[in-house]
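Engineer: Sending over a structure as structure tokens; questions will come in a sec.
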Amino acid sequence: MHRRKFLLLAALPALATACGSGARTDDLRPQGTLTFGNRLRIPPLAKSTVDAAGVRRFELAMQRGQSELLPGKPTATWGFNGPHLGPTIRARRGETVRMAVTNRLGELSTVHWHGMRLPAKMDGGPHQPIVPGATWTPQWTIDQPAATSWYHPHVHGSTAMQVYRGLAGMFILDEPGGPPLPERYGVDDVPLILQDKRFTPDGSLDGDPLKGTFGILGNHILVNGTYDPYLEVSTELVRFRILNGSNARMYHVRFADRRRFHVVGNDAGLLEAPVELDQVSLTPGERIEIVVRFSAGEQVVLSSVGGSADIDAGDFDVLKIVAAPRLAASPALPARLAENRVEVPADARVRRFRLNGHDAINGKEMDMSRIDEVVPAGAREIWEIENNVYAHNFHIHEVAFRVLDVNGGPPPAYASGPKDTVYVPGKSKVRLAVQFGQHTDPSTPYMYHCHILRHEDSGMMGQFVIVEPGTEAQVPRTIAGADHAHHGSAPGN
Ligand code: C2O
Ligand code: CU
Ligand code: CU
């Protein structure tokens with residue numbers, strides 16, 4: 001146990017008991033028992049202004065507050081510009097954006113732009129701490145394909161707790177001239193942030209995100225912070241941007257009537273062509289964009305079915321969708337979407353990563369002062385992830401990758417990429433074709449890690465720098481004075 005955490009629990013024995021519920025996976029409400037009584041919240045679009053230099057400016061304030069997540073019960077939660085979750089940021093390729101992120105949490109945090117291709121100093125990982133009261137102002141030019149990204153804290157040791165309390169938001173990137181897909185936010189382009197929580201009888205968040213093999217697996221499913229939700233739709237086709245923003249839970253999403261739909265996007269951008277199927281899976285941090293057809297006046301339930309990976313137990317309902325008595329016509333889905341395929345040369349460099357237990361990669365726990373890998377700018381490499389234990393996943397900052405194979409076989413077409421986070425099932429080997437970016441900085445690392453936050457926080461994370469090609473050998477492998485590891489307090493606080 002980390003020292004500060006130990007001291008805290010020793011000082012407050014009552015809290016230690018309150019946090020003892022661990023990670024049961026099997027006590028979700030069974031399918032058919034929700035009433036779908038709450039209108040799905042749609043996170044507001046973040047306001048922005050364009051300054052004289054043409055820079056689009058956003059402001060985010062990280063704050064504490066109270067939310068009514070369960071009817072009639074106040075829950076202490078954290079959010080951006082509000083008590084829970086954050087606004088959806090939307091920007092276009094080619095725009096320069098500037099974020100002013102103010103930390104009003106009273107404890108150290110960071111904000112990482114998950115999925116964004118940007119200079120390491122703007123990445124918002126553990127090396128860009130925002131101390132209480134401070135404002136951090138990263139700025140970068142968006143130069144990547146249309147995608148559904150997101151943002152969340154990334155303080156080493158307390159990411160799990162800060163995200164669990166509610167710090168997460170969506171970041172939609174558009175690309176001018178892209179294929180005609182539904183894109184009216186909240187109308188036919190709808191974010192679905194899937195998260196699972198546990199509550200004490202008085203409505204406080206329960207569970208210790210750093211306990212047990214996987215941390216928290218909740219027994220209440222929230223979509224955009226709404227428990228037991230329904231959504232009214234008014235168009236024939238609706239695009240859902242599904243984000244798994246959970247600490248550990250994996251979802252296998254499908255409709256109760258097993259209707260078929262089209263997957264159009266993965267983590268890092270649009271697929272080459274829509275893929276038709278009736279079920280998709282997401283591990284924490286992954287995003288999938290689907291387009292679904294509705295008939296006037298119908299109702300259908302979106303649910304998740306259980307698997308055998310420990311993090312995906314139980315069949316449960318997620319959201320009821322109610323179609324209006326008349327639906328506006330939607331344009332047909334385009335046959336081709338984008339050219340985003342990541343290719344690697346035949347002699348590509350191969351790097352190997354072995355996931356150990358729940359707290360190390362290649363036998364090493366995360367160390368903020370150690371550079372694990374040095375990658376030349378623009379490199380295309382094969383990263384091989386080997387997992388001899390239970391379920392994990394793997395996320396790489398600043399890249400887009402394609403999944404080459406899982407245990408030697410091809411991944412499902414919808415899940416091959418472009419991606420930045422991939423499921424690595426227990427006892428399996430996954431190979432990725434990875435495209436690295438052009439922003440060089442030999443002294444500021446990007447992260448790669450398991451996105452099960454309990455694992456990330458306990459050290460299943462490594463650091464890489466991107467450098468000018470040819471300078472790899474000169475790059476220092478240690479970072480002086482880098483220790484911003486931080487351990488926060490229990491969820492009730
Ligand atoms: Cu979504 Cu390194 O994180
Ligand atoms: Cu990331
Ligand atoms: Cu893991």
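Here's how to read the names in the structure tokens: chain A, B, ... by the order shown, residue numbers from 1 in each chain, ligand numbers from 1 in the order shown.
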Would you mind listing what lies within 12 Å of His358 in chain A as a PDB file with N, CA, C and O atoms, in the first residue's frame, with only C-alpha atoms counted and same-chain residues fewer than 5 positions away left out?

Structural biologist:
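Writing the result to result26.pdb gives the following:
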```pdb
ATOM      1  N   LEU A 210      -8.440   1.420  -6.097  1.00  0.00           N
ATOM      2  CA  LEU A 210      -7.108   0.816  -6.116  1.00  0.00           C
ATOM      3  C   LEU A 210      -7.082  -0.514  -5.366  1.00  0.00           C
ATOM      4  O   LEU A 210      -6.043  -0.986  -4.938  1.00  0.00           O
ATOM      5  N   LYS A 211      -8.254  -1.113  -5.199  1.00  0.00           N
ATOM      6  CA  LYS A 211      -8.333  -2.362  -4.448  1.00  0.00           C
ATOM      7  C   LYS A 211      -8.740  -3.509  -5.357  1.00  0.00           C
ATOM      8  O   LYS A 211      -9.435  -3.307  -6.342  1.00  0.00           O
ATOM      9  N   GLY A 212      -8.325  -4.715  -4.998  1.00  0.00           N
ATOM     10  CA  GLY A 212      -8.715  -5.888  -5.772  1.00  0.00           C
ATOM     11  C   GLY A 212      -7.959  -5.936  -7.088  1.00  0.00           C
ATOM     12  O   GLY A 212      -7.133  -5.091  -7.390  1.00  0.00           O
ATOM     13  N   THR A 213      -8.253  -6.964  -7.873  1.00  0.00           N
ATOM     14  CA  THR A 213      -7.510  -7.141  -9.123  1.00  0.00           C
ATOM     15  C   THR A 213      -7.823  -6.035 -10.118  1.00  0.00           C
ATOM     16  O   THR A 213      -6.946  -5.593 -10.862  1.00  0.00           O
ATOM     17  N   PHE A 214      -9.074  -5.567 -10.161  1.00  0.00           N
ATOM     18  CA  PHE A 214      -9.459  -4.603 -11.196  1.00  0.00           C
ATOM     19  C   PHE A 214      -9.927  -3.259 -10.661  1.00  0.00           C
ATOM     20  O   PHE A 214     -10.327  -2.401 -11.425  1.00  0.00           O
ATOM     21  N   GLY A 215      -9.887  -3.086  -9.330  1.00  0.00           N
ATOM     22  CA  GLY A 215     -10.407  -1.831  -8.794  1.00  0.00           C
ATOM     23  C   GLY A 215     -11.912  -1.882  -8.780  1.00  0.00           C
ATOM     24  O   GLY A 215     -12.486  -2.881  -8.363  1.00  0.00           O
ATOM     25  N   GLY A 363       8.444  -6.227 -16.611  1.00  0.00           N
ATOM     26  CA  GLY A 363       9.045  -6.412 -15.294  1.00  0.00           C
ATOM     27  C   GLY A 363       9.321  -5.127 -14.538  1.00  0.00           C
ATOM     28  O   GLY A 363       9.897  -5.158 -13.457  1.00  0.00           O
ATOM     29  N   LYS A 364       8.927  -3.980 -15.097  1.00  0.00           N
ATOM     30  CA  LYS A 364       9.231  -2.705 -14.440  1.00  0.00           C
ATOM     31  C   LYS A 364       7.955  -1.949 -14.096  1.00  0.00           C
ATOM     32  O   LYS A 364       7.065  -1.788 -14.939  1.00  0.00           O
ATOM     33  N   GLU A 365       7.900  -1.477 -12.859  1.00  0.00           N
ATOM     34  CA  GLU A 365       6.812  -0.585 -12.473  1.00  0.00           C
ATOM     35  C   GLU A 365       7.081   0.792 -13.060  1.00  0.00           C
ATOM     36  O   GLU A 365       8.235   1.193 -13.205  1.00  0.00           O
ATOM     37  N   MET A 366       6.028   1.526 -13.340  1.00  0.00           N
ATOM     38  CA  MET A 366       6.157   2.889 -13.839  1.00  0.00           C
ATOM     39  C   MET A 366       7.106   3.703 -12.947  1.00  0.00           C
ATOM     40  O   MET A 366       7.011   3.686 -11.728  1.00  0.00           O
ATOM     41  N   ASN A 387       0.369 -10.884 -22.955  1.00  0.00           N
ATOM     42  CA  ASN A 387      -0.325 -10.898 -21.672  1.00  0.00           C
ATOM     43  C   ASN A 387      -0.509 -12.336 -21.225  1.00  0.00           C
ATOM     44  O   ASN A 387      -1.304 -13.066 -21.796  1.00  0.00           O
ATOM     45  N   ASN A 388       0.221 -12.743 -20.191  1.00  0.00           N
ATOM     46  CA  ASN A 388       0.109 -14.124 -19.707  1.00  0.00           C
ATOM     47  C   ASN A 388      -0.847 -14.263 -18.541  1.00  0.00           C
ATOM     48  O   ASN A 388      -0.971 -15.337 -17.975  1.00  0.00           O
ATOM     49  N   VAL A 389      -1.481 -13.162 -18.145  1.00  0.00           N
ATOM     50  CA  VAL A 389      -2.410 -13.247 -17.014  1.00  0.00           C
ATOM     51  C   VAL A 389      -3.845 -12.944 -17.457  1.00  0.00           C
ATOM     52  O   VAL A 389      -4.288 -13.406 -18.495  1.00  0.00           O
ATOM     53  N   TYR A 390      -4.558 -12.149 -16.639  1.00  0.00           N
ATOM     54  CA  TYR A 390      -5.975 -11.854 -16.877  1.00  0.00           C
ATOM     55  C   TYR A 390      -6.126 -10.623 -17.781  1.00  0.00           C
ATOM     56  O   TYR A 390      -5.141 -10.043 -18.223  1.00  0.00           O
ATOM     57  N   ALA A 391      -7.375 -10.231 -18.001  1.00  0.00           N
ATOM     58  CA  ALA A 391      -7.685  -9.165 -18.959  1.00  0.00           C
ATOM     59  C   ALA A 391      -6.936  -7.857 -18.681  1.00  0.00           C
ATOM     60  O   ALA A 391      -6.862  -7.384 -17.551  1.00  0.00           O
ATOM     61  N   HIS A 392      -6.387  -7.278 -19.731  1.00  0.00           N
ATOM     62  CA  HIS A 392      -5.798  -5.943 -19.696  1.00  0.00           C
ATOM     63  C   HIS A 392      -6.178  -5.240 -20.995  1.00  0.00           C
ATOM     64  O   HIS A 392      -6.779  -5.843 -21.881  1.00  0.00           O
ATOM     65  N   ASN A 393      -5.808  -3.976 -21.107  1.00  0.00           N
ATOM     66  CA  ASN A 393      -5.805  -3.373 -22.428  1.00  0.00           C
ATOM     67  C   ASN A 393      -4.552  -2.519 -22.540  1.00  0.00           C
ATOM     68  O   ASN A 393      -3.710  -2.510 -21.629  1.00  0.00           O
ATOM     69  N   GLY A 426      -6.800 -11.940 -21.586  1.00  0.00           N
ATOM     70  CA  GLY A 426      -5.906 -12.769 -20.788  1.00  0.00           C
ATOM     71  C   GLY A 426      -5.265 -13.835 -21.665  1.00  0.00           C
ATOM     72  O   GLY A 426      -5.875 -14.339 -22.601  1.00  0.00           O
ATOM     73  N   HIS A 449       0.164   2.516 -21.526  1.00  0.00           N
ATOM     74  CA  HIS A 449      -0.280   1.878 -20.281  1.00  0.00           C
ATOM     75  C   HIS A 449      -1.538   1.074 -20.478  1.00  0.00           C
ATOM     76  O   HIS A 449      -2.241   1.212 -21.486  1.00  0.00           O
ATOM     77  N   CYS A 450      -1.834   0.248 -19.465  1.00  0.00           N
ATOM     78  CA  CYS A 450      -3.137  -0.398 -19.393  1.00  0.00           C
ATOM     79  C   CYS A 450      -4.138   0.668 -18.978  1.00  0.00           C
ATOM     80  O   CYS A 450      -3.877   1.450 -18.072  1.00  0.00           O
ATOM     81  N   HIS A 451      -5.308   0.725 -19.629  1.00  0.00           N
ATOM     82  CA  HIS A 451      -6.298   1.754 -19.307  1.00  0.00           C
ATOM     83  C   HIS A 451      -7.314   1.261 -18.274  1.00  0.00           C
ATOM     84  O   HIS A 451      -8.305   1.933 -18.004  1.00  0.00           O
ATOM     85  N   ILE A 452      -7.105   0.073 -17.712  1.00  0.00           N
ATOM     86  CA  ILE A 452      -7.842  -0.289 -16.486  1.00  0.00           C
ATOM     87  C   ILE A 452      -7.158   0.543 -15.414  1.00  0.00           C
ATOM     88  O   ILE A 452      -5.973   0.356 -15.114  1.00  0.00           O
ATOM     89  N   LEU A 453      -7.888   1.520 -14.868  1.00  0.00           N
ATOM     90  CA  LEU A 453      -7.209   2.595 -14.125  1.00  0.00           C
ATOM     91  C   LEU A 453      -6.519   2.099 -12.863  1.00  0.00           C
ATOM     92  O   LEU A 453      -5.520   2.665 -12.432  1.00  0.00           O
ATOM     93  N   ARG A 454      -7.016   1.029 -12.287  1.00  0.00           N
ATOM     94  CA  ARG A 454      -6.356   0.449 -11.127  1.00  0.00           C
ATOM     95  C   ARG A 454      -4.943  -0.024 -11.528  1.00  0.00           C
ATOM     96  O   ARG A 454      -4.001   0.079 -10.751  1.00  0.00           O
ATOM     97  N   HIS A 455      -4.812  -0.555 -12.719  1.00  0.00           N
ATOM     98  CA  HIS A 455      -3.520  -1.045 -13.191  1.00  0.00           C
ATOM     99  C   HIS A 455      -2.604   0.115 -13.563  1.00  0.00           C
ATOM    100  O   HIS A 455      -1.420   0.128 -13.221  1.00  0.00           O
ATOM    101  N   GLU A 456      -3.160   1.068 -14.269  1.00  0.00           N
ATOM    102  CA  GLU A 456      -2.383   2.259 -14.646  1.00  0.00           C
ATOM    103  C   GLU A 456      -1.807   2.928 -13.392  1.00  0.00           C
ATOM    104  O   GLU A 456      -0.620   3.227 -13.321  1.00  0.00           O
ATOM    105  N   ASP A 457      -2.679   3.141 -12.394  1.00  0.00           N
ATOM    106  CA  ASP A 457      -2.236   3.822 -11.179  1.00  0.00           C
ATOM    107  C   ASP A 457      -1.225   3.004 -10.391  1.00  0.00           C
ATOM    108  O   ASP A 457      -0.401   3.556  -9.666  1.00  0.00           O
ATOM    109  N   SER A 458      -1.308   1.676 -10.479  1.00  0.00           N
ATOM    110  CA  SER A 458      -0.355   0.899  -9.683  1.00  0.00           C
ATOM    111  C   SER A 458       0.929   0.590 -10.445  1.00  0.00           C
ATOM    112  O   SER A 458       1.759  -0.153  -9.943  1.00  0.00           O
ATOM    113  N   GLY A 459       1.093   1.148 -11.631  1.00  0.00           N
ATOM    114  CA  GLY A 459       2.409   1.061 -12.257  1.00  0.00           C
ATOM    115  C   GLY A 459       2.488   0.333 -13.576  1.00  0.00           C
ATOM    116  O   GLY A 459       3.583   0.162 -14.116  1.00  0.00           O
ATOM    117  N   MET A 460       1.342  -0.116 -14.126  1.00  0.00           N
ATOM    118  CA  MET A 460       1.378  -0.772 -15.431  1.00  0.00           C
ATOM    119  C   MET A 460       1.388   0.313 -16.514  1.00  0.00           C
ATOM    120  O   MET A 460       0.439   0.502 -17.267  1.00  0.00           O
ATOM    121  N   MET A 461       2.508   1.027 -16.534  1.00  0.00           N
ATOM    122  CA  MET A 461       2.637   2.184 -17.434  1.00  0.00           C
ATOM    123  C   MET A 461       4.117   2.393 -17.726  1.00  0.00           C
ATOM    124  O   MET A 461       4.968   2.149 -16.883  1.00  0.00           O
TER     125      MET A 461
END
```

Engineer: At a cut-off of 10 Å, using only C-alpha atoms, what residues contact Thr35 in chain A? Leave out same-chain residues fewer than 6 positions from it and give the result as a list of chain:residue names.

Structural biologist: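 The neighbour list is A:Asp228, A:Pro229, A:Tyr230, A:Leu319, A:Lys320.
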
Engineer: Go ahead and dump the residues you just picked, N, CA and C atoms, as a short mmCIF file (atom, residue, chain, number, x, y, z; two decimals), in the first residue's frame.

Structural biologist:
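again-v9.cif was written with the following content:
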```
data_model
loop_
_atom_site.label_atom_id
_atom_site.label_comp_id
_atom_site.auth_asym_id
_atom_site.auth_seq_id
_atom_site.Cartn_x
_atom_site.Cartn_y
_atom_site.Cartn_z
N ASP A 228 -30.43 4.92 -15.35
CA ASP A 228 -31.74 4.45 -15.80
C ASP A 228 -32.32 5.38 -16.89
N PRO A 229 -31.55 5.63 -17.95
CA PRO A 229 -31.90 6.69 -18.90
C PRO A 229 -32.72 6.26 -20.13
N TYR A 230 -33.43 7.24 -20.66
CA TYR A 230 -34.03 7.07 -21.99
C TYR A 230 -33.65 8.25 -22.86
N LEU A 319 -29.71 1.72 -21.90
CA LEU A 319 -30.42 2.92 -22.35
C LEU A 319 -31.63 2.48 -23.17
N LYS A 320 -32.76 3.16 -22.94
CA LYS A 320 -33.91 2.92 -23.84
C LYS A 320 -33.98 4.06 -24.84
#
```

Engineer: Please extract the residues at most 8 Å from ligand 1, counting only C-alpha atoms and all ligand atoms, and provide them as a ChimeraX atom specification, using the chain letters and residue numbers of this document.

Structural biologist: /A:112-115,125,150-152,154,285,395-397,447-449,451

Engineer: Print the selection's residues with N, CA, C and O atoms to a file, as a PDB file, in the first residue's frame.

Structural biologist:
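Now in result_34.pdb:
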```pdb
ATOM      1  N   HIS A 112      -5.410  15.201 -19.508  1.00  0.00           N
ATOM      2  CA  HIS A 112      -4.833  14.547 -20.687  1.00  0.00           C
ATOM      3  C   HIS A 112      -5.869  14.516 -21.807  1.00  0.00           C
ATOM      4  O   HIS A 112      -7.035  14.204 -21.577  1.00  0.00           O
ATOM      5  N   TRP A 113      -5.419  14.846 -23.011  1.00  0.00           N
ATOM      6  CA  TRP A 113      -6.297  14.830 -24.195  1.00  0.00           C
ATOM      7  C   TRP A 113      -6.104  13.477 -24.862  1.00  0.00           C
ATOM      8  O   TRP A 113      -5.233  13.315 -25.713  1.00  0.00           O
ATOM      9  N   HIS A 114      -6.910  12.516 -24.443  1.00  0.00           N
ATOM     10  CA  HIS A 114      -6.735  11.134 -24.901  1.00  0.00           C
ATOM     11  C   HIS A 114      -7.142  11.013 -26.373  1.00  0.00           C
ATOM     12  O   HIS A 114      -8.288  11.260 -26.723  1.00  0.00           O
ATOM     13  N   GLY A 115      -6.174  10.627 -27.190  1.00  0.00           N
ATOM     14  CA  GLY A 115      -6.441  10.483 -28.627  1.00  0.00           C
ATOM     15  C   GLY A 115      -5.870  11.614 -29.452  1.00  0.00           C
ATOM     16  O   GLY A 115      -5.878  11.557 -30.675  1.00  0.00           O
ATOM     17  N   GLY A 125      -0.263  14.541 -19.475  1.00  0.00           N
ATOM     18  CA  GLY A 125       0.043  13.347 -18.691  1.00  0.00           C
ATOM     19  C   GLY A 125       0.619  13.739 -17.339  1.00  0.00           C
ATOM     20  O   GLY A 125       0.573  14.907 -16.934  1.00  0.00           O
ATOM     21  N   TRP A 150     -11.316  12.026 -26.051  1.00  0.00           N
ATOM     22  CA  TRP A 150     -11.863  12.445 -24.757  1.00  0.00           C
ATOM     23  C   TRP A 150     -10.776  13.034 -23.893  1.00  0.00           C
ATOM     24  O   TRP A 150      -9.609  13.053 -24.299  1.00  0.00           O
ATOM     25  N   TYR A 151     -11.153  13.557 -22.753  1.00  0.00           N
ATOM     26  CA  TYR A 151     -10.163  14.129 -21.848  1.00  0.00           C
ATOM     27  C   TYR A 151     -10.464  13.714 -20.417  1.00  0.00           C
ATOM     28  O   TYR A 151     -11.620  13.500 -20.051  1.00  0.00           O
ATOM     29  N   HIS A 152      -9.384  13.565 -19.643  1.00  0.00           N
ATOM     30  CA  HIS A 152      -9.519  13.095 -18.261  1.00  0.00           C
ATOM     31  C   HIS A 152      -8.213  13.347 -17.523  1.00  0.00           C
ATOM     32  O   HIS A 152      -7.175  13.514 -18.152  1.00  0.00           O
ATOM     33  N   HIS A 154      -4.783  12.607 -15.313  1.00  0.00           N
ATOM     34  CA  HIS A 154      -3.742  11.589 -15.533  1.00  0.00           C
ATOM     35  C   HIS A 154      -2.630  11.740 -14.499  1.00  0.00           C
ATOM     36  O   HIS A 154      -1.455  11.634 -14.830  1.00  0.00           O
ATOM     37  N   GLY A 285     -11.510   3.309 -22.083  1.00  0.00           N
ATOM     38  CA  GLY A 285     -10.742   4.232 -22.915  1.00  0.00           C
ATOM     39  C   GLY A 285     -11.076   4.122 -24.387  1.00  0.00           C
ATOM     40  O   GLY A 285     -10.787   5.043 -25.152  1.00  0.00           O
ATOM     41  N   HIS A 395      -3.000   1.242 -24.127  1.00  0.00           N
ATOM     42  CA  HIS A 395      -3.217   2.543 -24.765  1.00  0.00           C
ATOM     43  C   HIS A 395      -1.861   3.204 -24.996  1.00  0.00           C
ATOM     44  O   HIS A 395      -1.005   3.154 -24.127  1.00  0.00           O
ATOM     45  N   ILE A 396      -1.693   3.795 -26.168  1.00  0.00           N
ATOM     46  CA  ILE A 396      -0.465   4.541 -26.461  1.00  0.00           C
ATOM     47  C   ILE A 396      -0.854   5.981 -26.769  1.00  0.00           C
ATOM     48  O   ILE A 396      -1.737   6.229 -27.600  1.00  0.00           O
ATOM     49  N   HIS A 397      -0.199   6.912 -26.087  1.00  0.00           N
ATOM     50  CA  HIS A 397      -0.460   8.334 -26.344  1.00  0.00           C
ATOM     51  C   HIS A 397       0.112   8.742 -27.701  1.00  0.00           C
ATOM     52  O   HIS A 397       1.093   8.175 -28.165  1.00  0.00           O
ATOM     53  N   MET A 447       3.032   8.586 -22.594  1.00  0.00           N
ATOM     54  CA  MET A 447       2.792   7.356 -21.830  1.00  0.00           C
ATOM     55  C   MET A 447       2.249   6.237 -22.722  1.00  0.00           C
ATOM     56  O   MET A 447       1.590   6.502 -23.729  1.00  0.00           O
ATOM     57  N   TYR A 448       2.502   5.014 -22.309  1.00  0.00           N
ATOM     58  CA  TYR A 448       1.740   3.856 -22.786  1.00  0.00           C
ATOM     59  C   TYR A 448       1.368   3.073 -21.541  1.00  0.00           C
ATOM     60  O   TYR A 448       2.131   3.013 -20.581  1.00  0.00           O
ATOM     61  N   HIS A 449       0.164   2.516 -21.526  1.00  0.00           N
ATOM     62  CA  HIS A 449      -0.280   1.878 -20.281  1.00  0.00           C
ATOM     63  C   HIS A 449      -1.538   1.074 -20.478  1.00  0.00           C
ATOM     64  O   HIS A 449      -2.241   1.212 -21.486  1.00  0.00           O
ATOM     65  N   HIS A 451      -5.308   0.725 -19.629  1.00  0.00           N
ATOM     66  CA  HIS A 451      -6.298   1.754 -19.307  1.00  0.00           C
ATOM     67  C   HIS A 451      -7.314   1.261 -18.274  1.00  0.00           C
ATOM     68  O   HIS A 451      -8.305   1.933 -18.004  1.00  0.00           O
TER      69      HIS A 451
END
```

Engineer: For Gly203 in chain A, find every residue with an atom within 6 Å (counting only C-alpha atoms), except residues of its own chain fewer than 3 positions away, and show them as a list in words.

Structural biologist: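 Near Gly203 in chain A, the qualifying residues are Lys73, Thr75, Phe199 and Thr200 of chain A.
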
Engineer: State, in Å with one decimal place, the distance from CA of Tyr423 in chain A to CA of Asp367 in chain A.

Structural biologist: 23.7 Å

Engineer: Taking 4 positions as the minimum chain separation for residues in the same chain, which residues sit within 7 Å of Glu386 in chain A when counting only C-alpha atoms? Answer as a list of chain:residue names.

Structural biologist: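 The residues satisfying every condition are A:Phe353, A:Arg354, A:Leu355, A:Ser428, A:Lys429, A:Val430.
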
Engineer: Save out the residues we just selected, all heavy atoms, as a PDB file, in the first residue's frame.

Structural biologist:
```pdb
ATOM      1  N   PHE A 353       6.340  -5.821 -25.413  1.00  0.00           N
ATOM      2  CA  PHE A 353       5.880  -5.395 -24.087  1.00  0.00           C
ATOM      3  C   PHE A 353       5.141  -6.558 -23.449  1.00  0.00           C
ATOM      4  O   PHE A 353       4.185  -7.068 -24.013  1.00  0.00           O
ATOM      5  CB  PHE A 353       4.960  -4.179 -24.200  1.00  0.00           C
ATOM      6  CG  PHE A 353       5.632  -3.006 -24.863  1.00  0.00           C
ATOM      7  CD1 PHE A 353       5.623  -2.874 -26.251  1.00  0.00           C
ATOM      8  CD2 PHE A 353       6.321  -2.070 -24.114  1.00  0.00           C
ATOM      9  CE1 PHE A 353       6.279  -1.817 -26.878  1.00  0.00           C
ATOM     10  CE2 PHE A 353       6.978  -1.008 -24.732  1.00  0.00           C
ATOM     11  CZ  PHE A 353       6.955  -0.884 -26.110  1.00  0.00           C
ATOM     12  N   ARG A 354       5.614  -6.956 -22.280  1.00  0.00           N
ATOM     13  CA  ARG A 354       4.946  -8.031 -21.560  1.00  0.00           C
ATOM     14  C   ARG A 354       4.229  -7.416 -20.360  1.00  0.00           C
ATOM     15  O   ARG A 354       4.834  -6.665 -19.584  1.00  0.00           O
ATOM     16  CB  ARG A 354       5.976  -9.064 -21.103  1.00  0.00           C
ATOM     17  CG  ARG A 354       5.365 -10.298 -20.482  1.00  0.00           C
ATOM     18  CD  ARG A 354       6.452 -11.144 -19.854  1.00  0.00           C
ATOM     19  NE  ARG A 354       7.341 -11.696 -20.861  1.00  0.00           N
ATOM     20  CZ  ARG A 354       7.257 -12.961 -21.299  1.00  0.00           C
ATOM     21  NH1 ARG A 354       6.349 -13.770 -20.807  1.00  0.00           N
ATOM     22  NH2 ARG A 354       8.102 -13.403 -22.208  1.00  0.00           N
ATOM     23  N   LEU A 355       2.948  -7.706 -20.247  1.00  0.00           N
ATOM     24  CA  LEU A 355       2.170  -7.177 -19.128  1.00  0.00           C
ATOM     25  C   LEU A 355       2.322  -8.126 -17.951  1.00  0.00           C
ATOM     26  O   LEU A 355       2.050  -9.318 -18.084  1.00  0.00           O
ATOM     27  CB  LEU A 355       0.698  -7.040 -19.539  1.00  0.00           C
ATOM     28  CG  LEU A 355       0.461  -6.249 -20.829  1.00  0.00           C
ATOM     29  CD1 LEU A 355      -1.032  -6.213 -21.175  1.00  0.00           C
ATOM     30  CD2 LEU A 355       1.009  -4.827 -20.714  1.00  0.00           C
ATOM     31  N   SER A 428      -2.909 -13.807 -24.052  1.00  0.00           N
ATOM     32  CA  SER A 428      -2.966 -13.540 -25.495  1.00  0.00           C
ATOM     33  C   SER A 428      -1.816 -12.643 -25.908  1.00  0.00           C
ATOM     34  O   SER A 428      -1.123 -12.054 -25.074  1.00  0.00           O
ATOM     35  CB  SER A 428      -4.292 -12.868 -25.853  1.00  0.00           C
ATOM     36  OG  SER A 428      -4.297 -11.544 -25.356  1.00  0.00           O
ATOM     37  N   LYS A 429      -1.628 -12.574 -27.219  1.00  0.00           N
ATOM     38  CA  LYS A 429      -0.614 -11.690 -27.771  1.00  0.00           C
ATOM     39  C   LYS A 429      -1.258 -10.865 -28.885  1.00  0.00           C
ATOM     40  O   LYS A 429      -1.921 -11.409 -29.768  1.00  0.00           O
ATOM     41  CB  LYS A 429       0.539 -12.514 -28.332  1.00  0.00           C
ATOM     42  CG  LYS A 429       1.729 -11.646 -28.728  1.00  0.00           C
ATOM     43  CD  LYS A 429       2.752 -12.420 -29.540  1.00  0.00           C
ATOM     44  CE  LYS A 429       3.650 -13.274 -28.646  1.00  0.00           C
ATOM     45  NZ  LYS A 429       4.708 -13.950 -29.449  1.00  0.00           N
ATOM     46  N   VAL A 430      -1.085  -9.550 -28.788  1.00  0.00           N
ATOM     47  CA  VAL A 430      -1.675  -8.637 -29.765  1.00  0.00           C
ATOM     48  C   VAL A 430      -0.546  -7.884 -30.445  1.00  0.00           C
ATOM     49  O   VAL A 430       0.374  -7.403 -29.787  1.00  0.00           O
ATOM     50  CB  VAL A 430      -2.623  -7.644 -29.042  1.00  0.00           C
ATOM     51  CG1 VAL A 430      -3.143  -6.585 -29.999  1.00  0.00           C
ATOM     52  CG2 VAL A 430      -3.789  -8.395 -28.399  1.00  0.00           C
TER      53      VAL A 430
END
```

Engineer: Using only C-alpha atoms, which residues sit within 7 Å of Ile288 in chain A once same-chain residues fewer than 3 positions away are excluded, as JSON, numbers by chain?

Structural biologist: {"A": [241, 242, 243, 265, 266, 267]}

Engineer: Taking the chain letters and numbering used in this document, name the residues of range 198-296 of chain A that DSSP puts in strand (DSSP E or B), as an NGL selection string.

Structural biologist: :A and (199 or 205 or 220-223 or 226-227 or 229-235 or 237-244 or 251-255 or 261-266 or 269-277 or 280-282 or 287-293)

Engineer: Can you tell me, as a list of chain:residue names, what residues are no more than 12 Å from Arg64 in chain A when counting only C-alpha atoms, ignoring any on the same chain fewer than 6 positions away?

Structural biologist: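 Listed by chain and then number, they are A:Thr75, A:Ala76, A:Thr77, A:Trp78, A:Gly79, A:Phe80, A:Asn81, A:Gly82, A:Pro83, A:His84, A:Leu85, A:Gly86, A:Asn103, A:Arg104, A:Leu105, A:Gly106, A:Glu107, A:Gln162, A:Arg165, A:Gly166, A:Leu167, A:Gly492, A:Asn493.
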